>>> print(open('target19.txt').read())   # compact mmCIF, C-alpha atoms and all ligand atoms
# COMPACT_ATOMS: atom_id res chain seq x y z
CA VAL H 1 15.08 14.31 22.64
CA TYR H 2 16.51 12.88 25.88
CA ALA H 3 19.99 13.09 24.33
CA HIS H 4 19.55 16.77 23.48
CA LEU H 5 18.21 17.55 26.96
CA ALA H 6 21.28 15.77 28.33
CA ALA H 7 23.52 17.99 26.21
CA ILE H 8 21.83 21.13 27.62
CA HIS H 9 22.34 19.92 31.20
CA ARG H 10 25.96 19.06 30.40
CA ARG H 11 26.59 22.56 29.02
CA GLN H 12 25.00 24.15 32.08
CA GLY H 13 27.20 22.16 34.46
CA ARG H 14 24.74 19.56 35.75
CA PRO H 15 26.54 16.30 34.95
CA ASP H 16 24.28 14.09 37.11
CA GLN H 17 21.08 15.12 35.35
CA ALA H 18 22.94 14.94 32.02
CA ALA H 19 24.06 11.36 32.67
CA GLU H 20 20.56 10.31 33.69
CA LEU H 21 18.96 11.81 30.58
CA GLN H 22 21.68 10.38 28.35
CA ALA H 23 20.94 6.90 29.73
CA LEU H 24 17.21 7.43 29.12
CA SER H 25 17.93 8.30 25.47
CA GLY H 26 19.52 4.90 24.83
CA LEU H 27 22.18 6.67 22.73
CA PRO H 28 25.91 7.01 23.44
CA GLU H 29 26.97 10.58 24.30
CA ALA H 30 29.15 10.86 21.18
CA ASP H 31 26.08 10.72 18.97
CA SER H 32 24.53 14.04 19.99
CA ARG H 33 24.53 14.97 16.29
CA LEU H 34 21.38 12.88 15.97
CA THR H 35 17.79 13.31 17.11
CA PHE H 36 15.66 10.23 17.65
CA THR H 37 12.04 10.84 18.55
CA VAL H 38 10.72 7.28 18.20
CA ALA H 39 10.82 5.01 21.21
CA SER H 40 12.02 2.03 19.15
CA ALA H 41 15.21 0.30 20.11
CA THR H 42 17.07 -2.23 17.99
CA ASP H 43 17.49 -5.60 19.66
CA PRO H 44 21.26 -6.18 19.84
CA THR H 45 20.91 -9.93 19.25
CA THR H 46 18.59 -9.82 16.23
CA GLY H 47 18.72 -6.29 14.82
CA LEU H 48 14.92 -6.09 15.04
CA PRO H 49 13.33 -2.96 16.46
CA ILE H 50 11.40 -3.25 19.69
CA GLY H 51 9.30 -0.55 21.34
CA PRO H 52 8.68 0.07 25.04
CA ARG H 53 7.09 -2.80 27.02
CA ARG H 54 3.43 -2.41 27.84
CA ILE H 55 0.41 -4.59 28.61
CA THR H 56 -2.86 -3.05 27.41
CA GLU H 57 -6.24 -4.37 28.48
CA VAL H 58 -8.08 -3.76 25.21
CA VAL H 59 -11.31 -5.34 26.47
CA PRO H 60 -11.34 -5.47 30.29
CA GLY H 61 -10.49 -8.94 31.61
CA THR H 62 -10.68 -10.43 28.10
CA VAL H 63 -8.39 -9.06 25.38
CA TYR H 64 -4.77 -8.20 26.20
CA ALA H 65 -2.17 -6.63 23.90
CA LEU H 66 1.48 -7.14 24.83
CA SER H 67 3.76 -4.56 23.22
CA GLY H 68 7.55 -4.35 23.26
CA PHE H 69 8.22 -7.92 24.36
CA ASP H 70 8.67 -9.16 20.81
CA PHE H 71 9.13 -7.49 17.41
CA ALA H 72 5.49 -8.40 16.70
CA GLU H 73 2.55 -7.40 18.86
CA LEU H 74 1.32 -10.36 20.94
CA TYR H 75 -2.36 -10.76 21.83
CA PHE H 76 -4.17 -13.06 24.23
CA VAL H 77 -7.93 -13.53 24.58
CA VAL H 78 -9.51 -15.12 27.66
CA SER H 79 -12.51 -17.19 26.56
CA ARG H 80 -16.00 -16.34 27.78
CA ASP H 81 -16.03 -19.29 30.21
CA ARG H 82 -12.57 -18.13 31.38
CA ARG H 83 -11.16 -21.64 30.96
CA GLN H 84 -9.25 -21.17 27.73
CA LEU H 85 -6.60 -18.75 26.53
CA ILE H 86 -6.43 -17.95 22.83
CA ALA H 87 -3.16 -16.55 21.46
CA ILE H 88 -3.20 -14.47 18.29
CA ASP H 89 0.08 -15.19 16.48
CA ALA H 90 3.24 -16.68 17.92
CA GLY H 91 5.75 -13.82 17.72
CA THR H 92 9.32 -13.82 16.47
CA ARG H 93 11.20 -15.74 19.17
CA PRO H 94 10.17 -18.36 21.75
CA ASP H 95 12.02 -16.61 24.60
CA THR H 96 10.30 -13.26 24.01
CA VAL H 97 6.88 -14.91 23.67
CA LYS H 98 7.52 -16.76 26.92
CA ALA H 99 8.49 -13.51 28.67
CA ALA H 100 5.29 -11.87 27.41
CA TYR H 101 3.10 -14.76 28.53
CA GLU H 102 4.72 -14.79 31.97
CA ALA H 103 4.28 -11.05 32.34
CA LEU H 104 0.61 -11.46 31.54
CA ARG H 105 0.28 -14.33 34.04
CA ALA H 106 1.83 -12.16 36.72
CA ARG H 107 -0.61 -9.38 35.86
CA VAL H 108 -3.82 -11.43 35.55
CA PRO H 109 -4.44 -13.85 38.42
CA GLY H 110 -6.07 -17.13 37.38
CA LEU H 111 -5.12 -16.76 33.71
CA PRO H 112 -6.00 -20.04 31.92
CA ALA H 113 -3.34 -21.94 29.94
CA PRO H 114 -3.11 -21.35 26.17
CA THR H 115 -5.31 -23.81 24.27
CA THR H 116 -5.46 -22.22 20.81
CA VAL H 117 -3.08 -20.27 18.60
CA LEU H 118 -4.62 -18.41 15.66
CA ILE H 119 -2.04 -17.45 13.03
CA THR H 120 -2.90 -14.32 10.99
CA HIS H 121 -0.13 -15.07 8.44
CA ALA H 122 3.03 -17.18 8.33
CA HIS H 123 5.68 -14.43 8.33
CA PHE H 124 8.71 -15.21 10.50
CA ASP H 125 7.75 -12.53 13.01
CA HIS H 126 4.34 -14.15 13.61
CA ILE H 127 5.29 -17.85 13.78
CA GLY H 128 8.96 -17.67 14.87
CA GLY H 129 8.14 -18.09 18.57
CA ARG H 130 5.73 -21.02 18.06
CA SER H 131 7.96 -23.55 19.83
CA PHE H 132 7.09 -21.87 23.13
CA PHE H 133 3.45 -22.90 22.60
CA GLU H 134 4.33 -26.26 21.03
CA ARG H 135 6.24 -27.31 24.15
CA LEU H 136 3.32 -26.65 26.49
CA ALA H 137 1.42 -29.66 27.77
CA PRO H 138 -1.21 -30.05 26.54
CA ARG H 139 -0.05 -28.53 23.27
CA PRO H 140 -2.43 -25.80 21.98
CA THR H 141 -4.14 -26.23 18.62
CA PHE H 142 -2.72 -24.09 15.80
CA TYR H 143 -5.03 -22.63 13.15
CA ALA H 144 -3.61 -21.09 9.95
CA ARG H 145 -4.50 -20.53 6.33
CA GLN H 146 -4.54 -23.57 4.06
CA ASN H 147 -1.96 -21.95 1.73
CA TYR H 148 0.52 -21.07 4.50
CA ALA H 149 3.24 -23.12 2.74
CA VAL H 150 3.08 -20.80 -0.29
CA GLU H 151 4.08 -17.90 1.94
CA LEU H 152 6.82 -19.97 3.64
CA ALA H 153 8.29 -20.66 0.19
CA VAL H 154 8.23 -16.94 -0.72
CA GLN H 155 10.24 -16.23 2.44
CA ALA H 156 12.64 -19.14 2.03
CA ASP H 157 13.52 -18.35 -1.59
CA GLY H 158 14.30 -14.64 -1.21
CA PRO H 159 17.60 -12.98 -0.29
CA PRO H 160 18.65 -12.56 3.34
CA ASN H 161 17.53 -9.40 5.11
CA PRO H 162 20.86 -7.58 5.59
CA ALA H 163 19.53 -5.75 8.67
CA LEU H 164 19.04 -8.94 10.66
CA ARG H 165 21.72 -10.35 12.92
CA ARG H 166 22.00 -14.00 13.70
CA PRO H 167 22.08 -14.39 17.49
CA PRO H 168 25.37 -15.92 18.67
CA ALA H 169 25.16 -19.67 19.21
CA PRO H 170 24.88 -20.55 22.91
CA ALA H 171 27.58 -22.68 24.50
CA GLY H 172 27.10 -26.43 24.53
CA PRO H 173 25.67 -28.74 21.89
CA PRO H 174 24.09 -26.99 18.90
CA PRO H 175 20.37 -26.41 19.46
CA THR H 176 18.01 -28.53 17.41
CA PRO H 177 16.57 -26.40 14.61
CA PRO H 178 12.87 -25.65 15.04
CA ALA H 179 10.52 -28.17 13.48
CA PRO H 180 8.82 -26.94 10.31
CA PHE H 181 5.61 -25.04 10.89
CA ARG H 182 2.69 -27.50 10.76
CA PRO H 183 -0.64 -26.00 11.76
CA ASP H 184 -3.28 -28.44 13.03
CA VAL H 185 -6.31 -26.84 11.39
CA LEU H 186 -6.18 -25.31 7.92
CA ILE H 187 -8.66 -22.61 6.99
CA ASP H 188 -9.68 -22.29 3.35
CA ARG H 189 -13.00 -20.46 3.69
CA ARG H 190 -14.87 -18.19 6.09
CA THR H 191 -15.16 -20.25 9.30
CA ASP H 192 -17.07 -19.78 12.54
CA LEU H 193 -15.53 -21.16 15.74
CA ALA H 194 -16.67 -21.17 19.34
CA ILE H 195 -13.83 -21.56 21.83
CA GLY H 196 -14.81 -21.63 25.50
CA GLY H 197 -18.01 -19.79 24.60
CA THR H 198 -16.22 -17.06 22.62
CA ARG H 199 -17.49 -16.68 19.07
CA ILE H 200 -14.71 -16.27 16.52
CA GLU H 201 -15.01 -15.68 12.80
CA LEU H 202 -11.97 -16.52 10.67
CA VAL H 203 -11.91 -14.71 7.32
CA PRO H 204 -9.30 -15.68 4.70
CA ILE H 205 -8.17 -12.64 2.67
CA ARG H 206 -5.55 -11.84 0.07
CA GLY H 207 -4.62 -8.70 1.99
CA GLY H 208 -1.92 -6.17 1.22
CA GLU H 209 1.06 -8.18 2.43
CA THR H 210 1.08 -11.99 2.22
CA VAL H 211 -1.06 -14.44 0.23
CA ASP H 212 -1.98 -16.40 3.37
CA ALA H 213 -3.61 -13.67 5.45
CA MET H 214 -6.53 -14.29 7.77
CA LEU H 215 -8.70 -11.90 9.76
CA VAL H 216 -9.71 -13.01 13.25
CA HIS H 217 -12.99 -11.36 14.18
CA LEU H 218 -14.61 -11.47 17.63
CA PRO H 219 -18.07 -10.16 16.70
CA ASP H 220 -19.44 -10.03 20.28
CA LEU H 221 -16.56 -7.80 21.39
CA GLY H 222 -16.31 -5.66 18.24
CA VAL H 223 -12.62 -6.56 18.02
CA MET H 224 -10.75 -7.73 14.94
CA PHE H 225 -7.17 -9.01 14.78
CA VAL H 226 -5.94 -8.14 11.30
CA GLY H 227 -2.30 -9.26 11.27
CA ASP H 228 -0.22 -7.24 8.79
CA PHE H 229 -2.75 -6.92 5.95
CA ALA H 230 -2.43 -3.13 6.11
CA MET H 231 1.35 -3.10 6.46
CA VAL H 232 2.34 0.14 4.75
CA LEU H 233 5.27 -1.40 2.88
CA LEU H 234 2.90 -3.95 1.29
CA GLY H 235 5.06 -6.80 2.50
CA SER H 236 8.77 -7.17 2.99
CA PRO H 237 10.68 -4.99 0.50
CA TYR H 238 13.12 -7.90 0.11
CA ARG H 239 10.39 -10.25 -1.12
CA ASP H 240 8.12 -10.63 -4.08
CA GLU H 241 4.92 -10.07 -2.14
CA GLY H 242 2.43 -7.26 -1.59
CA ASN H 243 -0.89 -6.77 -3.29
CA LEU H 244 -2.66 -3.42 -3.48
CA ASP H 245 -5.91 -4.89 -4.84
CA GLY H 246 -5.75 -7.52 -2.09
CA LEU H 247 -5.47 -4.67 0.41
CA PHE H 248 -8.60 -3.01 -1.03
CA GLU H 249 -10.58 -6.28 -0.94
CA ALA H 250 -9.53 -6.86 2.65
CA ILE H 251 -10.48 -3.32 3.69
CA ASP H 252 -13.95 -4.04 2.26
CA GLU H 253 -14.18 -7.30 4.26
CA VAL H 254 -13.21 -5.42 7.41
CA ALA H 255 -15.60 -2.53 6.75
CA ARG H 256 -18.54 -4.89 6.13
CA ARG H 257 -18.12 -6.26 9.67
CA ASN H 258 -17.60 -2.78 11.14
CA PRO H 259 -15.44 -3.76 14.15
CA LYS H 260 -14.92 -1.04 16.76
CA ILE H 261 -11.26 -1.90 17.27
CA LEU H 262 -8.65 -3.14 14.80
CA LEU H 263 -5.60 -4.79 16.35
CA HIS H 264 -2.66 -5.11 13.95
CA GLY H 265 0.43 -7.31 14.06
CA HIS H 266 2.61 -4.37 15.10
CA ALA H 267 1.93 -1.62 17.63
CA ALA H 268 2.76 1.19 15.21
CA LEU H 269 0.13 -0.06 12.74
CA THR H 270 -2.54 -0.24 15.44
CA GLN H 271 -1.64 3.31 16.46
CA THR H 272 -2.13 4.62 12.93
CA PHE H 273 -4.81 2.31 11.56
CA GLY H 274 -6.81 1.37 14.64
CA ALA H 275 -10.04 2.55 12.97
CA ALA H 276 -11.46 0.76 9.93
CA SER H 277 -13.00 4.01 8.69
CA LEU H 278 -9.56 5.52 8.07
CA LEU H 279 -8.56 2.60 5.86
CA VAL H 280 -11.81 2.95 3.93
CA ARG H 281 -11.06 6.62 3.30
CA LEU H 282 -7.56 5.75 2.07
CA GLU H 283 -8.82 3.48 -0.70
CA ALA H 284 -9.66 6.20 -3.24
CA PRO H 285 -6.37 8.14 -2.80
CA LEU H 286 -4.31 4.93 -3.07
CA ALA H 287 -6.26 3.84 -6.17
CA TRP H 288 -5.51 7.27 -7.70
CA LEU H 289 -1.82 6.76 -6.87
CA ARG H 290 -1.89 3.33 -8.52
CA ASP H 291 -3.40 4.83 -11.69
CA GLN H 292 -0.83 7.64 -11.77
CA THR H 293 1.97 5.10 -11.38
CA VAL H 294 0.60 2.94 -14.19
CA ALA H 295 0.25 6.01 -16.43
CA GLY H 296 3.86 6.95 -15.63
CA ILE H 297 5.07 3.45 -16.48
CA ARG H 298 3.27 3.67 -19.85
CA ARG H 299 5.07 6.98 -20.53
CA GLY H 300 8.43 5.32 -19.77
CA ALA H 301 9.04 7.22 -16.51
CA GLU H 302 11.92 6.17 -14.28
CA ARG H 303 10.94 4.81 -10.89
CA GLY H 304 12.86 7.61 -9.18
CA GLN H 305 10.97 10.20 -11.26
CA LEU H 306 7.65 8.81 -10.04
CA GLN H 307 8.95 8.79 -6.45
CA GLN H 308 10.18 12.37 -6.75
CA ALA H 309 7.01 13.66 -8.44
CA ASN H 310 5.37 14.23 -5.03
CA LEU H 311 2.13 12.56 -6.16
CA ILE H 312 -0.61 13.72 -3.82
CA ALA H 313 -4.07 12.32 -4.42
CA PRO H 314 -7.04 14.70 -4.64
CA GLY H 315 -8.60 15.31 -1.24
CA VAL H 316 -5.56 14.30 0.82
CA LEU H 317 -4.37 17.87 1.37
CA GLN H 318 -7.80 18.90 2.63
CA ASP H 319 -8.02 15.99 5.09
CA PRO H 320 -5.38 16.18 7.85
CA GLU H 321 -6.23 12.69 9.11
CA LEU H 322 -5.33 11.18 5.73
CA GLN H 323 -2.04 12.96 5.14
CA LEU H 324 0.34 10.85 7.23
CA PRO H 325 -1.33 7.50 6.43
CA TYR H 326 -1.23 8.32 2.71
CA LEU H 327 2.45 9.27 2.87
CA LEU H 328 3.28 6.11 4.84
CA PHE H 329 1.92 4.04 1.95
CA ARG H 330 3.03 6.18 -1.00
CA GLU H 331 6.62 5.09 -1.62
CA SER H 332 5.78 1.38 -1.31
CA VAL H 333 2.69 1.56 -3.50
CA ILE H 334 4.74 3.14 -6.30
CA ASN H 335 7.55 0.60 -5.80
CA ARG H 336 5.23 -2.43 -5.79
CA ILE H 337 3.22 -1.33 -8.81
CA TYR H 338 6.44 -0.53 -10.65
CA ASP H 339 7.97 -3.90 -9.77
CA GLN H 340 4.85 -5.80 -10.73
CA ARG H 341 4.61 -4.15 -14.16
CA VAL H 342 8.20 -3.50 -15.24
CA GLY H 343 10.63 -6.30 -16.06
CA PRO H 344 14.31 -6.45 -15.14
CA TRP H 345 15.20 -3.88 -17.84
CA GLN H 346 14.05 -0.44 -16.73
CA PRO H 347 13.71 2.85 -18.60
CA ASP H 348 16.79 4.32 -16.87
CA LEU H 349 18.78 1.29 -18.14
CA ALA H 350 18.91 -0.20 -14.62
CA GLY H 351 19.15 -3.97 -15.03
CA VAL H 352 20.32 -3.79 -18.65
CA ASP H 353 24.02 -3.87 -17.83
CA VAL H 354 25.62 -6.39 -15.49
CA LEU H 355 27.76 -3.97 -13.50
CA THR H 356 28.59 -4.36 -9.80
CA GLN H 357 29.21 -1.76 -7.10
CA ALA H 358 32.93 -2.50 -7.54
CA ASP H 359 32.70 -1.61 -11.26
CA ARG H 360 31.14 1.71 -10.35
CA GLY H 361 33.87 2.25 -7.76
CA ALA H 362 36.42 1.62 -10.50
CA LEU H 363 34.69 4.26 -12.65
CA LEU H 364 34.98 6.87 -9.91
CA VAL H 365 38.49 6.07 -8.70
CA ASP H 366 40.37 4.67 -11.71
CA TYR H 367 38.76 6.61 -14.55
CA LEU H 368 37.39 9.81 -13.01
CA GLY H 369 40.31 10.12 -10.61
CA VAL H 370 38.29 10.59 -7.42
CA THR H 371 40.80 10.65 -4.56
CA GLU H 372 40.05 9.99 -0.91
CA PRO H 373 40.01 13.71 0.06
CA ARG H 374 37.77 14.49 -2.95
CA LEU H 375 35.35 11.78 -1.90
CA VAL H 376 35.31 12.97 1.72
CA ALA H 377 34.68 16.56 0.56
CA ALA H 378 31.90 15.50 -1.80
CA VAL H 379 30.18 13.45 0.92
CA GLN H 380 30.42 16.40 3.34
CA LYS H 381 28.80 18.68 0.78
CA LEU H 382 26.10 16.13 -0.01
CA THR H 383 25.24 15.61 3.65
CA ALA H 384 25.18 19.39 4.22
CA ASP H 385 22.63 19.55 1.38
CA GLY H 386 20.61 16.74 2.98
CA ARG H 387 21.31 14.40 0.03
CA TYR H 388 22.06 11.41 2.25
CA GLU H 389 21.01 8.69 -0.22
CA LEU H 390 23.34 10.10 -2.87
CA ALA H 391 26.19 10.33 -0.36
CA ALA H 392 25.53 6.73 0.74
CA THR H 393 25.56 5.57 -2.90
CA ALA H 394 28.88 7.31 -3.64
CA LEU H 395 30.38 5.70 -0.55
CA GLU H 396 29.03 2.23 -1.40
CA TRP H 397 30.72 2.51 -4.78
CA ALA H 398 34.05 4.06 -3.91
CA ALA H 399 34.76 3.65 -0.18
CA PRO H 400 35.86 -0.03 -0.54
CA ARG H 401 38.74 1.29 -2.67
CA TYR H 402 40.10 3.06 0.43
CA PRO H 403 39.62 0.35 3.07
CA ARG H 404 41.96 1.95 5.60
CA SER H 405 40.46 5.44 5.46
CA ALA H 406 39.16 6.43 8.88
CA ALA H 407 37.68 9.62 7.39
CA LEU H 408 35.56 7.63 4.93
CA GLN H 409 34.49 5.14 7.59
CA ASP H 410 33.39 8.00 9.82
CA ALA H 411 31.58 9.70 6.91
CA GLN H 412 29.81 6.47 6.02
CA ARG H 413 28.70 5.90 9.61
CA PHE H 414 27.40 9.47 9.84
CA VAL H 415 25.48 9.23 6.54
CA TYR H 416 23.77 6.02 7.65
CA GLN H 417 23.03 7.53 11.06
CA LYS H 418 21.33 10.48 9.35
CA LEU H 419 19.34 8.07 7.15
CA THR H 420 18.30 6.10 10.25
CA GLU H 421 17.19 9.37 11.80
CA LYS H 422 15.35 10.47 8.64
CA TYR H 423 13.29 7.29 8.29
CA GLN H 424 12.88 6.42 11.98
CA SER H 425 9.13 6.91 12.10
CA VAL H 426 8.03 6.42 8.50
CA ASN H 427 9.76 3.30 7.20
CA ILE H 428 10.61 0.49 9.60
CA PHE H 429 12.66 -1.48 7.04
CA LYS H 430 14.81 1.54 6.17
CA PHE H 431 15.20 2.25 9.89
CA MET H 432 16.47 -1.32 10.45
CA LEU H 433 18.69 -1.39 7.37
CA TYR H 434 20.32 2.00 7.93
CA ALA H 435 20.80 1.36 11.65
CA ALA H 436 22.55 -1.90 10.75
CA LYS H 437 24.71 -0.15 8.12
CA ALA H 438 25.68 2.49 10.68
CA GLY H 439 26.59 -0.29 13.11
CA GLU H 440 24.12 1.35 15.42
CA VAL H 441 22.61 -0.42 18.38
CA LEU H 442 19.92 1.86 19.70
CA GLY H 443 19.27 1.25 23.37
CA PRO H 444 15.69 1.22 24.62
CA VAL H 445 14.36 4.72 25.24
CA GLY H 446 13.25 5.45 28.78
CA ALA H 447 14.57 2.14 30.09
CA ALA H 448 17.40 3.53 32.22
CA ARG H 449 17.70 2.98 36.01
ZN ZN H 501 4.71 -8.65 11.05
>>> encode(input="target19.txt", output="structure tokens", more="lines below")
Ligand SMILES: [Zn+2]
Amino acid sequence: VYAHLAAIHRRQGRPDQAAELQALSGLPEADSRLTFTVASATDPTTGLPIGPRRITEVVPGTVYALSGFDFAELYFVVSRDRRQLIAIDAGTRPDTVKAAYEALRARVPGLPAPTTVLITHAHFDHIGGRSFFERLAPRPTFYARQNYAVELAVQADGPPNPALRRPPAPAGPPPTPPAPFRPDVLIDRRTDLAIGGTRIELVPIRGGETVDAMLVHLPDLGVMFVGDFAMVLLGSPYRDEGNLDGLFEAIDEVARRNPKILLHGHAALTQTFGAASLLVRLEAPLAWLRDQTVAGIRRGAERGQLQQANLIAPGVLQDPELQLPYLLFRESVINRIYDQRVGPWQPDLAGVDVLTQADRGALLVDYLGVTEPRLVAAVQKLTADGRYELAATALEWAAPRYPRSAALQDAQRFVYQKLTEKYQSVNIFKFMLYAAKAGEVLGPVGAAR
């Protein structure tokens, strides 16, 4: 939006205002073909999206949410006796967690030192910054689920996330790799704690995302930290995780305690699912979707057919509050159910052959005679029709056959930019992946000057 306002000012001969708005957009001027309405930026060192920085006092003087410092949302709770600081999760990187903690210290005079770290689940974006806490003296006590190592193994054994960049190694001797995650206290059942006079209930759940999820409930404040149990992609799409029934069980656990405020592991989730009642109302439509997907699998439907069938559960159309949340979950619910029930051979013959992208490129170029100009023309027509995925697929297959083609490189960049734009606010993993494929580094919105 800033970029388009900049273009208007530029056209009307006001270059100063145009430059200022362009800087606010975080986009280079050449990319005025695109419209980004989310405030997320991609971190140039990691490729992870980060929103605008903000400290929110969720419960005055007691519960603080720190957004935009780290990929994950960071939370701190001042204990009732005001002598202890409880951190919920340990973020993605030690430097960003440190920056968040220091910003909070500057904001809240007399903030006590962290004494406890409660881990909602052992995903890299919730334990990756733990060394910041581990190096404090005295070292805070870490609490996590007893089966945290199961989740660490799921992450370690999967493929790399192609959207993530490895930060360049700093000069000097190579840094010592972080010590393996070793929580001090393992939670295997519902547990009541009192830390500095603050009552805390820890509730192990299966949840929708990882097997090692834990709810952190502060009953006296009506606040519950829920980690990523309601993550709309039901876990990382690169990993064998995600559990729809676990999500339903966890929603029931949350609803039984009826907290006023749900605080999720990411700001966007809190924005959408800050009320437990909304999650409760989503259960029936998502169960309907699961049943439709299973019925489709039994009929031998292709995954793409189920995705394109526009499955809308009864009641969703009549309830405006449910429409966006339902759609945020829909694609991933179908994908997870399909993956969990269908083996490597699929009805559309996917997985039956052993062909590579290069084989498919050979089909197009060597056998069907697709020349570079033909490919460019086809991609232009596909993008004009809004069929960006199909254009991207054709380019993944055939573009490597024309490695020196500037026209194809430009077309590929544009297709992935349009896909980044399309999924910017509905699918964070597609946003990251397509931004990385486009070679796009999105600057922070509104951070100019
Ligand atoms: Zn997360």
>>> residues_near_ligand(input="target19.txt", ligand="ligand ZN 501 (chain H)", cutoff="12 Å", atoms="all atoms listed in the file", output="PyMOL selection string")
chain H and resi 48-49+70-74+89-92+119-128+209-210+213+226-236+264-270+428-429
>>> closest_residue(input="target19.txt", among="H:Phe36, H:Phe431, H:Tyr338, H:Phe273", to="His4 (chain H)", atoms="only C-alpha atoms")
H:Phe36
>>> residues_around(input="target19.txt", residues="Arg341 (chain H)", least_positions_apart="6", cutoff="12 Å", atoms="all atoms listed in the file", output="list in words")
Arg290, Thr293, Val294, Ala295, Gly296, Ile297, Arg298, Gly300, Arg303, Ile334 and Asn335 of chain H
>>> closest_residue(input="target19.txt", among="H:Ala153, H:Ile88, H:Leu24, H:Leu395", to="Gln380 (chain H)", atoms="all atoms listed in the file")
H:Leu395
>>> closest_residue(input="target19.txt", among="H:Ala163, H:Leu364, H:Ala179, H:Ala250", to="Pro204 (chain H)", atoms="only C-alpha atoms")
H:Ala250
>>> closest_residue(input="target19.txt", among="H:Lys422, H:Phe181, H:Ala384, H:Leu375", to="Ala407 (chain H)", atoms="only C-alpha atoms")
H:Leu375
>>> closest_residue(input="target19.txt", among="H:His217, H:Arg165, H:Arg10, H:Arg105", to="Arg257 (chain H)", atoms="only C-alpha atoms")
H:His217
>>> atom_distance(input="target19.txt", atom1="CA of Pro320 (chain H)", atom2="CA of Ala275 (chain H)")
15.3 Å
>>> residues_around(input="target19.txt", residues="Thr56 (chain H)", least_positions_apart="2", cutoff="8 Å", atoms="all atoms listed in the file", output="PyMOL selection string")
chain H and resi 54+58+64-67
>>> write_last_selection(input="target19.txt", atoms="C-alpha atoms", output="tab-separated table (two decimals), in the frame of the given file")
chain	number	residue	atom	x	y	z
H	54	ARG	CA	3.43	-2.41	27.84
H	58	VAL	CA	-8.08	-3.76	25.21
H	64	TYR	CA	-4.77	-8.20	26.20
H	65	ALA	CA	-2.17	-6.63	23.90
H	66	LEU	CA	1.48	-7.14	24.83
H	67	SER	CA	3.76	-4.56	23.22
>>> atom_distance(input="target19.txt", atom1="CA of Val280 (chain H)", atom2="CA of Val254 (chain H)")
9.2 Å
>>> residues_around(input="target19.txt", residues="Val77 (chain H)", least_positions_apart="2", cutoff="6 Å", atoms="all atoms listed in the file", output="list of chain:residue names")
H:Thr62, H:Val63, H:Leu85, H:Ile86
>>> closest_residue(input="target19.txt", among="H:Ala7, H:Leu286, H:Ala276, H:Val117", to="Leu311 (chain H)", atoms="only C-alpha atoms")
H:Leu286
>>> residues_around(input="target19.txt", residues="Trp288 (chain H)", least_positions_apart="4", cutoff="12 Å", atoms="only C-alpha atoms", output="PDB file with C-alpha atoms, in the frame of the given file")
ATOM      1  CA  LEU H 244      -2.660  -3.420  -3.480  1.00  0.00           C
ATOM      2  CA  LEU H 282      -7.560   5.750   2.070  1.00  0.00           C
ATOM      3  CA  GLU H 283      -8.820   3.480  -0.700  1.00  0.00           C
ATOM      4  CA  ALA H 284      -9.660   6.200  -3.240  1.00  0.00           C
ATOM      5  CA  GLN H 292      -0.830   7.640 -11.770  1.00  0.00           C
ATOM      6  CA  THR H 293       1.970   5.100 -11.380  1.00  0.00           C
ATOM      7  CA  VAL H 294       0.600   2.940 -14.190  1.00  0.00           C
ATOM      8  CA  ALA H 295       0.250   6.010 -16.430  1.00  0.00           C
ATOM      9  CA  LEU H 311       2.130  12.560  -6.160  1.00  0.00           C
ATOM     10  CA  ILE H 312      -0.610  13.720  -3.820  1.00  0.00           C
ATOM     11  CA  ALA H 313      -4.070  12.320  -4.420  1.00  0.00           C
ATOM     12  CA  PRO H 314      -7.040  14.700  -4.640  1.00  0.00           C
ATOM     13  CA  GLY H 315      -8.600  15.310  -1.240  1.00  0.00           C
ATOM     14  CA  VAL H 316      -5.560  14.300   0.820  1.00  0.00           C
ATOM     15  CA  TYR H 326      -1.230   8.320   2.710  1.00  0.00           C
ATOM     16  CA  ARG H 330       3.030   6.180  -1.000  1.00  0.00           C
ATOM     17  CA  VAL H 333       2.690   1.560  -3.500  1.00  0.00           C
ATOM     18  CA  ILE H 334       4.740   3.140  -6.300  1.00  0.00           C
TER      19      ILE H 334
END
>>> residues_around(input="target19.txt", residues="Arg145 (chain H)", least_positions_apart="6", cutoff="12 Å", atoms="all atoms listed in the file", output="compact mmCIF listing (two decimals) with C-alpha atoms, in the frame of the given file")
# COMPACT_ATOMS: atom_id res chain seq x y z
CA LEU H 118 -4.62 -18.41 15.66
CA ILE H 119 -2.04 -17.45 13.03
CA THR H 120 -2.90 -14.32 10.99
CA HIS H 121 -0.13 -15.07 8.44
CA ALA H 122 3.03 -17.18 8.33
CA GLU H 151 4.08 -17.90 1.94
CA LEU H 152 6.82 -19.97 3.64
CA PHE H 181 5.61 -25.04 10.89
CA ARG H 182 2.69 -27.50 10.76
CA PRO H 183 -0.64 -26.00 11.76
CA ASP H 184 -3.28 -28.44 13.03
CA VAL H 185 -6.31 -26.84 11.39
CA LEU H 186 -6.18 -25.31 7.92
CA ILE H 187 -8.66 -22.61 6.99
CA ASP H 188 -9.68 -22.29 3.35
CA ARG H 189 -13.00 -20.46 3.69
CA ARG H 190 -14.87 -18.19 6.09
CA THR H 191 -15.16 -20.25 9.30
CA LEU H 202 -11.97 -16.52 10.67
CA VAL H 203 -11.91 -14.71 7.32
CA PRO H 204 -9.30 -15.68 4.70
CA ILE H 205 -8.17 -12.64 2.67
CA ARG H 206 -5.55 -11.84 0.07
CA THR H 210 1.08 -11.99 2.22
CA VAL H 211 -1.06 -14.44 0.23
CA ASP H 212 -1.98 -16.40 3.37
CA ALA H 213 -3.61 -13.67 5.45
CA MET H 214 -6.53 -14.29 7.77
CA LEU H 215 -8.70 -11.90 9.76
CA VAL H 216 -9.71 -13.01 13.25
